[in-house]
Amino acid sequence: MVLAYKVRSRLLLLWVMLLSLMGPGITGCATSNNTFSTDKQQLAQQSILSALWVYSAGEYRALCHQAFNIAKLQLDRRLSYHRGIDKPLAIIVDIDETVLSNVPYFNRLIAEGEAFPSGWKAWVGESTAQAVPGALAFLKYARFRGVEVFYISNRSMRDGLTATIDNMVKMEFPFADQHHLLLKKASGNKQPRRDRVEQTHEVILLIGDNLNDFSLIFTDKPTIQRNDAVDMMGSEFGKRFIMLPNPVYGDWEGALYNYQWNTSNAQKLKIREQYFNQ
Ligand SMILES: [Mg+2]
């Protein structure tokens with residue numbers, strides 16, 4: 001399965017590189033319709049380098065391993081003084097780009113000149129996402145040490161629960177069941193779900209690729225305030241908060257548009273340029 005994934009990834013890499021060399025005109029012709037706007041294609045094309053980095057750069061993989069190695073050190077440290085009479089210990093992890101990688105999905109989006117959420121439901125339904133480097137070994141280690149794992153993700157509970165559990169069971173993730181997967185129902189705010197876990201467990205680590213995976217303090221803040229909050233909470237990173245790299249998407253981008261995801265493509269391009277030129 002790993003070999004097939006690597007072969008497919010290489011083919012996709014070649015495909016994306018070919019499209020990028022050919023330019024937007026060819027990209028439009030290569031699709032089933034010719035209705036792409038230039039702005040939409042430009043937005044998709046701007047993601048090529050960050051998507052390439054995620055699946056081709058050893059540096060990306062090294063950062064993932066580093067994150068889970070630090071998580072293991074912190075887990076061992078905390079276990080060294082855990083008493084049997086205390087609440088049971090738990091770890092909260094995000095799913096996408098934290099334990100499951102959606103690289104083939106990004107490649108489709110870029111190749112088709114599309115944007116999220118186009119094709120997302122179908123991709124989740126395939127249940128073929130691979131593990132983020134280091135994630136599986138770490139979470140299995142946590143189970144071995146008697147620490148429970150809760151997955152708090154904004155994948156849709158209604159559309160994604162069964163397929164996500166199938167995917168995670170296939171990859172042999174521990175605690176991949178309905179009780180431990182807390183997916184999105186109505187709100188994307190993860191705090192109520194974190195609170196629910198904290199009622200019964202002591203949460204010793206939170207692991208994610210988005211600041212929203214850690215605390216409300218980062219949520220819905222403009223870029224500068226968001227960054228200030230990170231500096232204020234700086235000592236928590238690598239301690240209770242373990243951060244995975246994700247340059248392809250996230251609330252960092254949403255913050256640029258003031259979380260108005262329905263901002264027009266032309267306006268998004270303009271905002272990106274304005275930030276870049278600041
Ligand atoms: Mg994520």
# chains A, B, ... in the order shown; residues from 1 in each chain; ligands from 1

call {"tool": "select_by_dssp", "arguments": {"residues": "stretch 50-236 of chain A", "states": "strand (DSSP E)", "output": "PyMOL selection string"}}
result
chain A and resi 89-93+100-101+130-131+148-156+181-184+202-208

call {"tool": "residues_near_ligand", "arguments": {"ligand": "ligand 1", "cutoff": "10 Å", "atoms": "only C-alpha atoms and all ligand atoms", "output": "list of chain:residue names"}}
result
A:Val93, A:Asp94, A:Ile95, A:Asp96, A:Glu97, A:Thr98, A:Val99, A:Leu100, A:Ser101, A:Asn102, A:Ile152, A:Ser153, A:Asn154, A:Arg155, A:Ile207, A:Gly208, A:Asp209, A:Asn210, A:Leu211, A:Asn212, A:Asp213, A:Leu244, A:Pro245, A:Asn246, A:Tyr249, A:Gly250, A:Asp251

call {"tool": "residues_around", "arguments": {"residues": "A:Lys87", "least_positions_apart": "6", "cutoff": "10 Å", "atoms": "only C-alpha atoms", "output": "number ranges by chain"}}
result
A: 198-203

call {"tool": "residues_around", "arguments": {"residues": "A:Lys270", "least_positions_apart": "5", "cutoff": "12 Å", "atoms": "only C-alpha atoms", "output": "list in words"}}
result
Asp39, Gln42, Leu43, Leu256, Tyr257, Thr263, Ser264, Asn265, Tyr275, Phe276 and Asn277 of chain A

call {"tool": "write_last_selection", "arguments": {"atoms": "all heavy atoms", "output": "tab-separated table (two decimals), in the first residue's frame"}}
result
chain	number	residue	atom	x	y	z
A	39	ASP	N	-9.02	34.14	-12.11
A	39	ASP	CA	-8.72	34.37	-10.70
A	39	ASP	C	-8.68	33.06	-9.92
A	39	ASP	O	-7.79	32.84	-9.10
A	39	ASP	CB	-9.78	35.29	-10.08
A	39	ASP	CG	-9.71	36.69	-10.66
A	39	ASP	OD1	-8.63	37.08	-11.14
A	39	ASP	OD2	-10.74	37.39	-10.63
A	42	GLN	N	-5.57	31.22	-10.73
A	42	GLN	CA	-4.40	31.85	-10.09
A	42	GLN	C	-4.32	31.48	-8.62
A	42	GLN	O	-3.24	31.18	-8.10
A	42	GLN	CB	-4.49	33.36	-10.22
A	42	GLN	CG	-4.00	33.86	-11.56
A	42	GLN	CD	-3.98	35.39	-11.60
A	42	GLN	OE1	-3.58	36.04	-10.65
A	42	GLN	NE2	-4.46	35.94	-12.69
A	43	LEU	N	-5.47	31.48	-7.95
A	43	LEU	CA	-5.48	31.11	-6.52
A	43	LEU	C	-4.97	29.68	-6.36
A	43	LEU	O	-4.14	29.39	-5.49
A	43	LEU	CB	-6.90	31.20	-5.96
A	43	LEU	CG	-7.41	32.59	-5.60
A	43	LEU	CD1	-8.89	32.52	-5.24
A	43	LEU	CD2	-6.63	33.19	-4.44
A	256	LEU	N	-6.51	36.33	6.88
A	256	LEU	CA	-6.20	37.36	5.87
A	256	LEU	C	-7.49	37.96	5.30
A	256	LEU	O	-7.54	39.13	4.96
A	256	LEU	CB	-5.40	36.75	4.70
A	256	LEU	CG	-4.05	36.10	5.01
A	256	LEU	CD1	-3.44	35.55	3.73
A	256	LEU	CD2	-3.11	37.10	5.65
A	257	TYR	N	-8.53	37.12	5.19
A	257	TYR	CA	-9.80	37.57	4.61
A	257	TYR	C	-10.82	37.92	5.70
A	257	TYR	O	-12.03	37.96	5.44
A	257	TYR	CB	-10.42	36.48	3.72
A	257	TYR	CG	-9.45	35.78	2.80
A	257	TYR	CD1	-9.46	34.38	2.69
A	257	TYR	CD2	-8.52	36.49	2.06
A	257	TYR	CE1	-8.57	33.73	1.86
A	257	TYR	CE2	-7.62	35.83	1.22
A	257	TYR	CZ	-7.66	34.45	1.13
A	257	TYR	OH	-6.77	33.80	0.32
A	263	THR	N	-15.37	35.61	0.31
A	263	THR	CA	-14.74	36.72	-0.41
A	263	THR	C	-14.47	36.29	-1.85
A	263	THR	O	-14.08	35.14	-2.09
A	263	THR	CB	-13.38	37.08	0.28
A	263	THR	OG1	-13.66	37.47	1.63
A	263	THR	CG2	-12.66	38.19	-0.43
A	264	SER	N	-14.67	37.19	-2.81
A	264	SER	CA	-14.50	36.80	-4.21
A	264	SER	C	-13.05	36.40	-4.49
A	264	SER	O	-12.13	36.84	-3.80
A	264	SER	CB	-14.90	37.94	-5.13
A	264	SER	OG	-13.91	38.96	-5.06
A	265	ASN	N	-12.87	35.59	-5.52
A	265	ASN	CA	-11.52	35.15	-5.87
A	265	ASN	C	-10.62	36.35	-6.20
A	265	ASN	O	-9.46	36.39	-5.82
A	265	ASN	CB	-11.58	34.19	-7.07
A	265	ASN	CG	-12.26	32.90	-6.70
A	265	ASN	OD1	-12.17	32.45	-5.56
A	265	ASN	ND2	-12.97	32.31	-7.65
A	275	TYR	N	-1.01	41.99	1.50
A	275	TYR	CA	-0.27	41.52	2.67
A	275	TYR	C	1.20	41.33	2.32
A	275	TYR	O	2.09	41.69	3.08
A	275	TYR	CB	-0.84	40.19	3.19
A	275	TYR	CG	-1.85	40.38	4.29
A	275	TYR	CD1	-3.20	40.45	4.02
A	275	TYR	CD2	-1.43	40.49	5.62
A	275	TYR	CE1	-4.14	40.64	5.02
A	275	TYR	CE2	-2.36	40.66	6.65
A	275	TYR	CZ	-3.70	40.74	6.34
A	275	TYR	OH	-4.60	40.92	7.34
A	276	PHE	N	1.41	40.76	1.13
A	276	PHE	CA	2.78	40.48	0.71
A	276	PHE	C	3.59	41.77	0.58
A	276	PHE	O	4.78	41.80	0.87
A	276	PHE	CB	2.76	39.72	-0.63
A	276	PHE	CG	4.11	39.26	-1.05
A	276	PHE	CD1	4.73	38.19	-0.40
A	276	PHE	CD2	4.81	39.87	-2.07
A	276	PHE	CE1	5.99	37.75	-0.76
A	276	PHE	CE2	6.07	39.46	-2.44
A	276	PHE	CZ	6.66	38.38	-1.78
A	277	ASN	N	2.92	42.82	0.13
A	277	ASN	CA	3.63	44.08	-0.11
A	277	ASN	C	3.71	44.98	1.12
A	277	ASN	O	4.25	46.08	1.04
A	277	ASN	CB	2.94	44.84	-1.26
A	277	ASN	CG	3.19	44.15	-2.59
A	277	ASN	OD1	4.26	43.60	-2.80
A	277	ASN	ND2	2.20	44.14	-3.46

call {"tool": "residues_around", "arguments": {"residues": "A:Asp76", "least_positions_apart": "4", "cutoff": "12 Å", "atoms": "only C-alpha atoms", "output": "CSV table (one decimal) with N, CA and C atoms, in the first residue's frame"}}
result
chain,number,residue,atom,x,y,z
A,69,ASN,N,8.1,13.4,18.2
A,69,ASN,CA,9.2,13.1,19.2
A,69,ASN,C,9.0,14.0,20.5
A,70,ILE,N,8.7,15.2,20.2
A,70,ILE,CA,8.5,16.1,21.4
A,70,ILE,C,7.3,15.7,22.2
A,71,ALA,N,6.3,15.3,21.5
A,71,ALA,CA,5.0,14.9,22.1
A,71,ALA,C,5.3,13.7,23.0
A,72,LYS,N,6.2,12.8,22.5
A,72,LYS,CA,6.5,11.6,23.3
A,72,LYS,C,7.3,11.9,24.5
A,80,SER,N,5.5,10.3,34.4
A,80,SER,CA,6.4,10.0,35.4
A,80,SER,C,5.9,10.4,36.8
A,81,TYR,N,4.9,11.4,36.8
A,81,TYR,CA,4.3,11.7,38.1
A,81,TYR,C,2.8,11.6,38.2
A,82,HIS,N,2.3,10.8,37.3
A,82,HIS,CA,0.8,10.5,37.3
A,82,HIS,C,0.5,9.5,38.4
A,89,LEU,N,-5.5,10.0,32.0
A,89,LEU,CA,-4.9,11.0,31.0
A,89,LEU,C,-5.4,10.8,29.6
A,138,PHE,N,3.5,7.3,17.3
A,138,PHE,CA,3.3,8.1,18.6
A,138,PHE,C,1.9,7.7,19.3
A,141,TYR,N,2.0,4.4,20.8
A,141,TYR,CA,2.8,4.4,22.0
A,141,TYR,C,1.9,5.0,23.2
A,142,ALA,N,1.1,6.0,22.8
A,142,ALA,CA,0.3,6.6,23.9
A,142,ALA,C,-0.7,5.5,24.4
A,144,PHE,N,-0.2,2.3,24.3
A,144,PHE,CA,0.6,1.3,25.1
A,144,PHE,C,0.9,1.8,26.5
A,145,ARG,N,1.0,3.2,26.7
A,145,ARG,CA,1.3,3.7,28.0
A,145,ARG,C,0.0,4.0,28.8
A,146,GLY,N,-1.2,3.6,28.2
A,146,GLY,CA,-2.4,3.7,28.9
A,146,GLY,C,-3.1,5.1,28.8
A,147,VAL,N,-2.7,5.9,27.8
A,147,VAL,CA,-3.3,7.2,27.6
A,147,VAL,C,-4.3,7.1,26.5
A,204,ILE,N,-3.4,16.0,28.6
A,204,ILE,CA,-2.0,16.4,28.8
A,204,ILE,C,-1.4,17.0,27.6
A,205,LEU,N,-1.9,16.7,26.4
A,205,LEU,CA,-1.4,17.3,25.1
A,205,LEU,C,-2.5,17.6,24.1
A,239,LYS,N,5.3,22.0,24.6
A,239,LYS,CA,5.0,21.6,26.0
A,239,LYS,C,3.6,20.9,26.0

call {"tool": "residues_around", "arguments": {"residues": "stretch 125-133 of chain A", "least_positions_apart": "2", "cutoff": "9 Å", "atoms": "only C-alpha atoms", "output": "MDAnalysis selection string"}}
result
chainID A and resid 2 5 61:62 64:65 68 96:105 120:123 135:137 159:160 162:168 170:171 173

call {"tool": "select_by_dssp", "arguments": {"residues": "stretch 21-184 of chain A", "states": "alpha helix (DSSP H)", "output": "VMD selection string"}}
result
chain A and resid 21 to 22 24 to 29 38 to 45 48 to 56 58 to 79 103 to 112 120 to 126 135 to 144 157 to 170

call {"tool": "atom_distance", "arguments": {"atom1": "atom CA of A:Pro222", "atom2": "atom CA of A:Ile242"}}
result
22.1 Å

call {"tool": "residues_around", "arguments": {"residues": "A:Val149", "least_positions_apart": "6", "cutoff": "6 Å", "atoms": "only C-alpha atoms", "output": "list in words"}}
result
Ala90, Ile91 and Ile92 of chain A

call {"tool": "closest_residue", "arguments": {"among": "A:Ala186, A:Ala44, A:Leu139, A:Met157", "to": "A:Glu172", "atoms": "only C-alpha atoms"}}
result
A:Leu139

call {"tool": "decode", "arguments": {"residues": "stretch 244-260 of chain A", "atoms": "all heavy atoms", "output": "JSON list (two decimals), in the first residue's frame"}}
result
[["chain", "number", "residue", "atom", "x", "y", "z"],
["A", 244, "LEU", "N", 1.95, 20.94, 14.18],
["A", 244, "LEU", "CA", 2.40, 20.31, 12.92],
["A", 244, "LEU", "C", 2.45, 21.37, 11.82],
["A", 244, "LEU", "O", 1.64, 22.30, 11.83],
["A", 244, "LEU", "CB", 1.41, 19.22, 12.50],
["A", 244, "LEU", "CG", 1.56, 17.78, 13.03],
["A", 244, "LEU", "CD1", 2.88, 17.17, 12.55],
["A", 244, "LEU", "CD2", 1.48, 17.71, 14.52],
["A", 245, "PRO", "N", 3.36, 21.23, 10.85],
["A", 245, "PRO", "CA", 3.42, 22.23, 9.77],
["A", 245, "PRO", "C", 2.32, 22.03, 8.73],
["A", 245, "PRO", "O", 2.02, 20.89, 8.35],
["A", 245, "PRO", "CB", 4.79, 21.97, 9.14],
["A", 245, "PRO", "CG", 5.09, 20.54, 9.43],
["A", 245, "PRO", "CD", 4.41, 20.20, 10.72],
["A", 246, "ASN", "N", 1.71, 23.11, 8.30],
["A", 246, "ASN", "CA", 0.75, 23.05, 7.19],
["A", 246, "ASN", "C", 0.74, 24.40, 6.46],
["A", 246, "ASN", "O", 0.05, 25.33, 6.85],
["A", 246, "ASN", "CB", -0.66, 22.72, 7.68],
["A", 246, "ASN", "CG", -1.65, 22.68, 6.51],
["A", 246, "ASN", "OD1", -1.26, 22.81, 5.34],
["A", 246, "ASN", "ND2", -2.92, 22.50, 6.82],
["A", 247, "PRO", "N", 1.53, 24.49, 5.39],
["A", 247, "PRO", "CA", 1.58, 25.75, 4.65],
["A", 247, "PRO", "C", 0.50, 25.84, 3.57],
["A", 247, "PRO", "O", 0.41, 26.86, 2.88],
["A", 247, "PRO", "CB", 2.96, 25.69, 3.99],
["A", 247, "PRO", "CG", 3.16, 24.22, 3.73],
["A", 247, "PRO", "CD", 2.47, 23.48, 4.85],
["A", 248, "VAL", "N", -0.32, 24.81, 3.42],
["A", 248, "VAL", "CA", -1.26, 24.78, 2.28],
["A", 248, "VAL", "C", -2.58, 25.50, 2.61],
["A", 248, "VAL", "O", -3.13, 26.21, 1.78],
["A", 248, "VAL", "CB", -1.55, 23.33, 1.83],
["A", 248, "VAL", "CG1", -2.46, 23.31, 0.61],
["A", 248, "VAL", "CG2", -0.25, 22.59, 1.53],
["A", 249, "TYR", "N", -3.08, 25.32, 3.81],
["A", 249, "TYR", "CA", -4.36, 25.95, 4.16],
["A", 249, "TYR", "C", -4.46, 26.06, 5.69],
["A", 249, "TYR", "O", -3.66, 25.46, 6.41],
["A", 249, "TYR", "CB", -5.55, 25.12, 3.64],
["A", 249, "TYR", "CG", -5.70, 23.78, 4.34],
["A", 249, "TYR", "CD1", -6.53, 23.64, 5.45],
["A", 249, "TYR", "CD2", -5.00, 22.65, 3.92],
["A", 249, "TYR", "CE1", -6.66, 22.44, 6.12],
["A", 249, "TYR", "CE2", -5.14, 21.45, 4.57],
["A", 249, "TYR", "CZ", -5.96, 21.34, 5.67],
["A", 249, "TYR", "OH", -6.08, 20.15, 6.34],
["A", 250, "GLY", "N", -5.46, 26.80, 6.14],
["A", 250, "GLY", "CA", -5.67, 26.90, 7.58],
["A", 250, "GLY", "C", -6.27, 28.24, 7.95],
["A", 250, "GLY", "O", -6.50, 29.09, 7.09],
["A", 251, "ASP", "N", -6.49, 28.43, 9.22],
["A", 251, "ASP", "CA", -7.07, 29.71, 9.68],
["A", 251, "ASP", "C", -6.13, 30.88, 9.45],
["A", 251, "ASP", "O", -6.57, 32.02, 9.42],
["A", 251, "ASP", "CB", -7.43, 29.62, 11.17],
["A", 251, "ASP", "CG", -8.76, 28.91, 11.39],
["A", 251, "ASP", "OD1", -9.39, 28.53, 10.37],
["A", 251, "ASP", "OD2", -9.15, 28.72, 12.55],
["A", 252, "TRP", "N", -4.83, 30.59, 9.29],
["A", 252, "TRP", "CA", -3.89, 31.69, 8.99],
["A", 252, "TRP", "C", -4.33, 32.37, 7.69],
["A", 252, "TRP", "O", -4.21, 33.58, 7.55],
["A", 252, "TRP", "CB", -2.45, 31.18, 8.89],
["A", 252, "TRP", "CG", -2.22, 30.17, 7.79],
["A", 252, "TRP", "CD1", -2.32, 28.80, 7.89],
["A", 252, "TRP", "CD2", -1.89, 30.43, 6.43],
["A", 252, "TRP", "NE1", -2.07, 28.23, 6.67],
["A", 252, "TRP", "CE2", -1.80, 29.19, 5.75],
["A", 252, "TRP", "CE3", -1.64, 31.60, 5.70],
["A", 252, "TRP", "CZ2", -1.48, 29.08, 4.40],
["A", 252, "TRP", "CZ3", -1.33, 31.50, 4.35],
["A", 252, "TRP", "CH2", -1.24, 30.26, 3.71],
["A", 253, "GLU", "N", -4.84, 31.57, 6.73],
["A", 253, "GLU", "CA", -5.32, 32.16, 5.48],
["A", 253, "GLU", "C", -6.66, 32.86, 5.71],
["A", 253, "GLU", "O", -6.88, 33.98, 5.24],
["A", 253, "GLU", "CB", -5.46, 31.09, 4.38],
["A", 253, "GLU", "CG", -5.83, 31.74, 3.05],
["A", 253, "GLU", "CD", -6.25, 30.75, 1.97],
["A", 253, "GLU", "OE1", -6.09, 29.53, 2.16],
["A", 253, "GLU", "OE2", -6.77, 31.22, 0.94],
["A", 254, "GLY", "N", -7.55, 32.19, 6.47],
["A", 254, "GLY", "CA", -8.85, 32.80, 6.77],
["A", 254, "GLY", "C", -8.70, 34.16, 7.42],
["A", 254, "GLY", "O", -9.45, 35.10, 7.14],
["A", 255, "ALA", "N", -7.68, 34.28, 8.30],
["A", 255, "ALA", "CA", -7.46, 35.55, 8.99],
["A", 255, "ALA", "C", -7.17, 36.67, 7.99],
["A", 255, "ALA", "O", -7.55, 37.83, 8.21],
["A", 255, "ALA", "CB", -6.30, 35.41, 9.98],
["A", 256, "LEU", "N", -6.51, 36.33, 6.88],
["A", 256, "LEU", "CA", -6.20, 37.36, 5.87],
["A", 256, "LEU", "C", -7.49, 37.96, 5.30],
["A", 256, "LEU", "O", -7.54, 39.13, 4.96],
["A", 256, "LEU", "CB", -5.40, 36.75, 4.70],
["A", 256, "LEU", "CG", -4.05, 36.10, 5.01],
["A", 256, "LEU", "CD1", -3.44, 35.55, 3.73],
["A", 256, "LEU", "CD2", -3.11, 37.10, 5.65],
["A", 257, "TYR", "N", -8.53, 37.12, 5.19],
["A", 257, "TYR", "CA", -9.80, 37.57, 4.61],
["A", 257, "TYR", "C", -10.82, 37.92, 5.70],
["A", 257, "TYR", "O", -12.03, 37.96, 5.44],
["A", 257, "TYR", "CB", -10.42, 36.48, 3.72],
["A", 257, "TYR", "CG", -9.45, 35.78, 2.80],
["A", 257, "TYR", "CD1", -9.46, 34.38, 2.69],
["A", 257, "TYR", "CD2", -8.52, 36.49, 2.06],
["A", 257, "TYR", "CE1", -8.57, 33.73, 1.86],
["A", 257, "TYR", "CE2", -7.62, 35.83, 1.22],
["A", 257, "TYR", "CZ", -7.66, 34.45, 1.13],
["A", 257, "TYR", "OH", -6.77, 33.80, 0.32],
["A", 258, "ASN", "N", -10.34, 38.12, 6.93],
["A", 258, "ASN", "CA", -11.23, 38.38, 8.05],
["A", 258, "ASN", "C", -12.26, 37.26, 8.21],
["A", 258, "ASN", "O", -13.41, 37.48, 8.60],
["A", 258, "ASN", "CB", -11.93, 39.73, 7.86],
["A", 258, "ASN", "CG", -12.39, 40.31, 9.17],
["A", 258, "ASN", "OD1", -11.90, 39.91, 10.24],
["A", 258, "ASN", "ND2", -13.37, 41.20, 9.12],
["A", 259, "TYR", "N", -11.86, 36.05, 7.88],
["A", 259, "TYR", "CA", -12.69, 34.83, 7.99],
["A", 259, "TYR", "C", -13.91, 34.85, 7.08],
["A", 259, "TYR", "O", -14.83, 34.06, 7.28],
["A", 259, "TYR", "CB", -13.05, 34.53, 9.45],
["A", 259, "TYR", "CG", -11.81, 34.40, 10.30],
["A", 259, "TYR", "CD1", -11.35, 35.47, 11.06],
["A", 259, "TYR", "CD2", -11.06, 33.22, 10.30],
["A", 259, "TYR", "CE1", -10.17, 35.37, 11.80],
["A", 259, "TYR", "CE2", -9.89, 33.12, 11.03],
["A", 259, "TYR", "CZ", -9.45, 34.19, 11.78],
["A", 259, "TYR", "OH", -8.29, 34.10, 12.51],
["A", 260, "GLN", "N", -13.90, 35.76, 6.10],
["A", 260, "GLN", "CA", -15.00, 35.79, 5.12],
["A", 260, "GLN", "C", -14.59, 34.90, 3.95],
["A", 260, "GLN", "O", -14.06, 35.35, 2.95],
["A", 260, "GLN", "CB", -15.26, 37.23, 4.64],
["A", 260, "GLN", "CG", -15.60, 38.21, 5.74],
["A", 260, "GLN", "CD", -16.87, 37.82, 6.50],
["A", 260, "GLN", "OE1", -17.91, 37.59, 5.90],
["A", 260, "GLN", "NE2", -16.75, 37.73, 7.81]]
